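*Asks:* After the structure tokens below, expect a handful of questions from me.
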Amino acid sequence: HAADLQLVSRFADAESAIAALPREAPDVVLMDINLPGQSGIDCVRQLKPLLPATQFLMLTVYEDADRIFEALSAGAAGYLLKHTPREDLLAGIRQVHEGGSPMSGPIARKVVQVFHQRPADPSQGAALSDREREVLELLSRGYLYKEIADTLGVSFATVTTYGRRIYEKL
């Protein structure tokens with residue numbers, strides 16, 4: 001229970017969420033990938049155009065790069081693992097609500113690996129800046145956005161912007 005957060009509803013499957021969430025228009029949706037019937041990624045893909053102001057945060061057991069990138073391209077703004085400690089999960093919900101893009105340490109490590117394996121074509125604008133690489137490296141070591149801000153001597157909002165840009169480039 002967190003005093004500043006309120007659970008509005010929950011659904012057992014994507015179809016129920018697709019039917020009800022457009023009327024509820026929540027600020028943040030926690031979405032599992034592995035749902036009965038339609039996947040959580042497909043659910044986000046359908047809901048994001050209907051709820052452009054809603055932030056979708058994937059909460060899942062899957063750590064493979066393909067699912068991470070598929071979820072992000074479907075419209076997810078963050079990707080956390082189910083075994084994320086409660087306080088970090090609550091911080092992730094708050095971050096995504098404030099415009100951030102929370103990423104579990106193991107997920108950040110996968111992203112680092114992918115950027116190392118597949119050098120981006122600079123003409124496509126997908127290459128990470130030096131500062132974005134720094135932020136991603138700190139995320140991969142398990143640092144929280146606030147800790148990254150303190151370490152780099154920048155504001156929390158600046159780190160949030162870097163996180164969002166990293167996801168956009170994915």
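Residue numbering restarts at 1 in every chain; chains get A, B, ... in the order shown in the structure tokens, and ligands count up from 1 in that same order.
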Contacts of range 154-168 of chain A at 7 Å or less, counting only C-alpha atoms, minus same-chain residues fewer than 2 places along, as a list in words?

*Replies:*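 Everything that qualifies: Gly99, Gly100, Ser101, Glu132, Tyr145, Lys146, Ala149, Asp150, Leu152 and Leu170 of chain A.
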
*Asks:* Compile the contact shell of Leu144 in chain A as a list of chain:residue names: residues with an atom at most 10 Å away, counting only C-alpha atoms, same-chain residues fewer than 6 positions apart removed.

*Replies:*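 Contacts, in chain order: A:Asp88, A:Ala91, A:Gly92, A:Pro102, A:Met103, A:Ser104, A:Gly105, A:Leu138, A:Asp150, A:Val159.
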
*Asks:* Taking N, CA and C atoms for each residue, export the selection above as an mmCIF file, in the first residue's frame.

*Replies:*
data_model
loop_
_atom_site.group_PDB
_atom_site.id
_atom_site.type_symbol
_atom_site.label_atom_id
_atom_site.label_comp_id
_atom_site.auth_asym_id
_atom_site.auth_seq_id
_atom_site.Cartn_x
_atom_site.Cartn_y
_atom_site.Cartn_z
ATOM 1 N N ASP A 88 11.312 -0.356 -5.185
ATOM 2 C CA ASP A 88 11.770 0.004 -6.531
ATOM 3 C C ASP A 88 10.605 -0.001 -7.516
ATOM 4 N N ALA A 91 8.719 3.148 -6.904
ATOM 5 C CA ALA A 91 9.501 4.244 -7.487
ATOM 6 C C ALA A 91 9.355 4.247 -9.006
ATOM 7 N N GLY A 92 9.326 3.058 -9.623
ATOM 8 C CA GLY A 92 9.138 2.952 -11.069
ATOM 9 C C GLY A 92 7.789 3.485 -11.510
ATOM 10 N N PRO A 102 11.396 3.930 -16.423
ATOM 11 C CA PRO A 102 12.121 3.026 -15.533
ATOM 12 C C PRO A 102 12.522 1.725 -16.213
ATOM 13 N N MET A 103 13.671 1.235 -15.809
ATOM 14 C CA MET A 103 14.246 0.035 -16.399
ATOM 15 C C MET A 103 14.982 -0.726 -15.294
ATOM 16 N N SER A 104 14.624 -1.982 -15.076
ATOM 17 C CA SER A 104 15.339 -2.807 -14.096
ATOM 18 C C SER A 104 16.798 -2.944 -14.512
ATOM 19 N N GLY A 105 17.690 -3.111 -13.523
ATOM 20 C CA GLY A 105 19.115 -3.292 -13.812
ATOM 21 C C GLY A 105 19.383 -4.385 -14.829
ATOM 22 N N LEU A 138 24.914 3.209 -15.735
ATOM 23 C CA LEU A 138 24.553 3.298 -14.317
ATOM 24 C C LEU A 138 23.254 2.537 -14.038
ATOM 25 N N ASP A 150 22.389 12.339 -8.788
ATOM 26 C CA ASP A 150 23.400 12.742 -7.806
ATOM 27 C C ASP A 150 24.811 12.436 -8.310
ATOM 28 N N VAL A 159 17.800 13.306 -15.933
ATOM 29 C CA VAL A 159 17.992 11.858 -16.038
ATOM 30 C C VAL A 159 16.751 11.221 -16.659
#

*Asks:* I need the residues of chain A that end up classed as strand (DSSP E) by DSSP on the backbone, written out as a ChimeraX atom specification.

*Replies:* /A:28-31,55-60,76-81

*Asks:* With only C-alpha atoms as the basis for distance, which of A:Arg10, A:Arg109, A:Lys48, A:Lys169 is at the shortest distance from Gly75 in chain A?

*Replies:*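 For Gly75 in chain A, the nearest of the candidates is A:Lys48.
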
*Asks:* List the neighbours of range 69-71 of chain A out to 9 Å using only C-alpha atoms; skip same-chain residues closer than 5 positions along the sequence, and give me the result as a PDB file with C-alpha atoms, in the first residue's frame.

*Replies:*
ATOM      1  CA  ILE A  33       3.340  -9.792 -21.095  1.00  0.00           C
ATOM      2  CA  GLY A  40       0.190  -7.880 -22.856  1.00  0.00           C
ATOM      3  CA  ILE A  41       2.307  -6.433 -25.663  1.00  0.00           C
ATOM      4  CA  ASP A  42      -0.610  -6.694 -28.104  1.00  0.00           C
ATOM      5  CA  VAL A  44      -0.569  -2.162 -25.076  1.00  0.00           C
ATOM      6  CA  ARG A  45      -0.387  -1.872 -28.869  1.00  0.00           C
ATOM      7  CA  MET A  58       5.593  -3.621 -18.379  1.00  0.00           C
ATOM      8  CA  ASP A  64      14.943 -11.337 -23.558  1.00  0.00           C
ATOM      9  CA  ALA A  76       5.422   0.846 -23.191  1.00  0.00           C
ATOM     10  CA  ALA A  77       7.279   3.611 -21.351  1.00  0.00           C
ATOM     11  CA  GLY A  78       9.119   1.345 -18.922  1.00  0.00           C
ATOM     12  CA  TYR A  79      10.071  -2.279 -18.347  1.00  0.00           C
ATOM     13  CA  TYR A 167      13.911   4.086 -24.963  1.00  0.00           C
ATOM     14  CA  LEU A 170      15.495   1.469 -29.017  1.00  0.00           C
TER      15      LEU A 170
END
